[in-house]
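**Q** Quick one: structure below, then a few questions.
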Amino acid sequence: MENPEKLCRKFKDVSLEELRDKLAEFAKVRNWDQYHSPRNLLLALVGEVGELSEIFQWKGEVERGLPNWSSDDKKHLEEEISDVLLYLVQLADVCGLDLGQAALSKIVKNAQKYPLLK
């Protein structure tokens, strides 16, 4: 069994590759790979996005930094955002996509589509 402290140590910058590798190992040692088809991961991702949406559902607009939120509410948000990220990383991995490179390419494409106004 992996050491939870090793899994949770603080990183200044965590790469998508590191997350991908940790997730792959996590699933492998539990024999969960058999369940991680693109479809199943997408449906799990959608479910997590729903849980994330519920946090904001009745709050109206909120200020950047969430200054009026309790530490428990912020922790809950952190966990749900993490779930979304982790499923997205797994989905990209099982689809054979380089998520980081795809995101950078999309930023370039968006810059061309929406040039600066002068």
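For the structure tokens, the naming scheme is as follows: chains receive sequential letters (A, B, ...) according to their order of presentation, residues are indexed from 1 within each chain, and ligands are indexed from 1 in presentation order.
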Where does DSSP see alpha helix (DSSP H) in chain A, if you list the residues as a ChimeraX atom specification?

**A** /A:4-8,16-29,38-56,71-94,99-113

**Q** Go ahead and save the picked residues with C-alpha atoms, as an mmCIF file, in the first residue's frame.

**A**
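Result file follows (part-v5.cif):
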data_model
loop_
_atom_site.group_PDB
_atom_site.id
_atom_site.type_symbol
_atom_site.label_atom_id
_atom_site.label_comp_id
_atom_site.auth_asym_id
_atom_site.auth_seq_id
_atom_site.Cartn_x
_atom_site.Cartn_y
_atom_site.Cartn_z
ATOM 1 C CA PRO A 4 -0.432 8.575 2.028
ATOM 2 C CA GLU A 5 2.160 11.127 3.136
ATOM 3 C CA LYS A 6 4.145 10.466 -0.026
ATOM 4 C CA LEU A 7 0.992 10.947 -2.119
ATOM 5 C CA CYS A 8 0.062 14.195 -0.361
ATOM 6 C CA LEU A 16 0.090 17.107 -15.449
ATOM 7 C CA GLU A 17 2.486 14.247 -16.177
ATOM 8 C CA GLU A 18 3.083 13.697 -12.476
ATOM 9 C CA LEU A 19 -0.659 13.661 -11.802
ATOM 10 C CA ARG A 20 -1.167 11.277 -14.718
ATOM 11 C CA ASP A 21 1.502 8.912 -13.430
ATOM 12 C CA LYS A 22 0.216 8.964 -9.847
ATOM 13 C CA LEU A 23 -3.343 8.325 -11.048
ATOM 14 C CA ALA A 24 -2.220 5.477 -13.296
ATOM 15 C CA GLU A 25 -0.353 3.830 -10.420
ATOM 16 C CA PHE A 26 -3.297 4.402 -8.042
ATOM 17 C CA ALA A 27 -5.672 2.665 -10.475
ATOM 18 C CA LYS A 28 -3.226 -0.095 -11.380
ATOM 19 C CA VAL A 29 -2.582 -1.291 -7.828
ATOM 20 C CA PRO A 38 -13.076 6.842 -21.996
ATOM 21 C CA ARG A 39 -16.865 6.640 -21.624
ATOM 22 C CA ASN A 40 -16.757 5.721 -17.941
ATOM 23 C CA LEU A 41 -14.224 8.413 -17.148
ATOM 24 C CA LEU A 42 -16.252 11.010 -19.042
ATOM 25 C CA LEU A 43 -19.412 10.097 -17.137
ATOM 26 C CA ALA A 44 -17.508 10.267 -13.834
ATOM 27 C CA LEU A 45 -16.123 13.659 -14.875
ATOM 28 C CA VAL A 46 -19.612 14.959 -15.663
ATOM 29 C CA GLY A 47 -20.805 13.749 -12.262
ATOM 30 C CA GLU A 48 -17.981 15.599 -10.544
ATOM 31 C CA VAL A 49 -18.713 18.769 -12.524
ATOM 32 C CA GLY A 50 -22.281 18.456 -11.231
ATOM 33 C CA GLU A 51 -21.010 18.223 -7.653
ATOM 34 C CA LEU A 52 -18.808 21.266 -8.258
ATOM 35 C CA SER A 53 -21.780 23.173 -9.685
ATOM 36 C CA GLU A 54 -23.882 22.402 -6.619
ATOM 37 C CA ILE A 55 -21.440 24.318 -4.448
ATOM 38 C CA PHE A 56 -22.204 27.519 -6.376
ATOM 39 C CA SER A 71 -12.659 27.356 5.484
ATOM 40 C CA ASP A 72 -14.914 24.261 5.331
ATOM 41 C CA ASP A 73 -16.647 25.600 2.201
ATOM 42 C CA LYS A 74 -13.290 26.367 0.591
ATOM 43 C CA LYS A 75 -11.994 22.898 1.455
ATOM 44 C CA HIS A 76 -15.109 21.328 -0.100
ATOM 45 C CA LEU A 77 -14.587 23.420 -3.255
ATOM 46 C CA GLU A 78 -10.928 22.400 -3.367
ATOM 47 C CA GLU A 79 -11.879 18.728 -3.196
ATOM 48 C CA GLU A 80 -14.501 18.959 -5.947
ATOM 49 C CA ILE A 81 -12.247 20.971 -8.264
ATOM 50 C CA SER A 82 -9.547 18.363 -7.663
ATOM 51 C CA ASP A 83 -11.934 15.558 -8.572
ATOM 52 C CA VAL A 84 -12.729 17.303 -11.867
ATOM 53 C CA LEU A 85 -9.046 17.818 -12.650
ATOM 54 C CA LEU A 86 -8.115 14.237 -11.810
ATOM 55 C CA TYR A 87 -10.836 12.731 -13.995
ATOM 56 C CA LEU A 88 -9.890 15.085 -16.837
ATOM 57 C CA VAL A 89 -6.241 14.026 -16.587
ATOM 58 C CA GLN A 90 -7.259 10.358 -16.583
ATOM 59 C CA LEU A 91 -9.598 10.835 -19.533
ATOM 60 C CA ALA A 92 -6.878 12.501 -21.593
ATOM 61 C CA ASP A 93 -4.463 9.719 -20.653
ATOM 62 C CA VAL A 94 -6.715 6.817 -21.694
ATOM 63 C CA LEU A 99 -3.434 17.389 -22.092
ATOM 64 C CA GLY A 100 -0.791 20.018 -21.370
ATOM 65 C CA GLN A 101 0.204 20.387 -25.007
ATOM 66 C CA ALA A 102 -3.447 20.399 -26.101
ATOM 67 C CA ALA A 103 -4.214 23.191 -23.617
ATOM 68 C CA LEU A 104 -1.254 25.269 -24.798
ATOM 69 C CA SER A 105 -2.299 24.761 -28.419
ATOM 70 C CA LYS A 106 -5.818 25.856 -27.549
ATOM 71 C CA ILE A 107 -4.533 29.048 -25.931
ATOM 72 C CA VAL A 108 -2.615 29.867 -29.128
ATOM 73 C CA LYS A 109 -5.697 29.088 -31.231
ATOM 74 C CA ASN A 110 -7.859 31.324 -29.017
ATOM 75 C CA ALA A 111 -5.310 34.156 -29.280
ATOM 76 C CA GLN A 112 -5.565 33.965 -33.062
ATOM 77 C CA LYS A 113 -9.352 33.761 -32.970
#
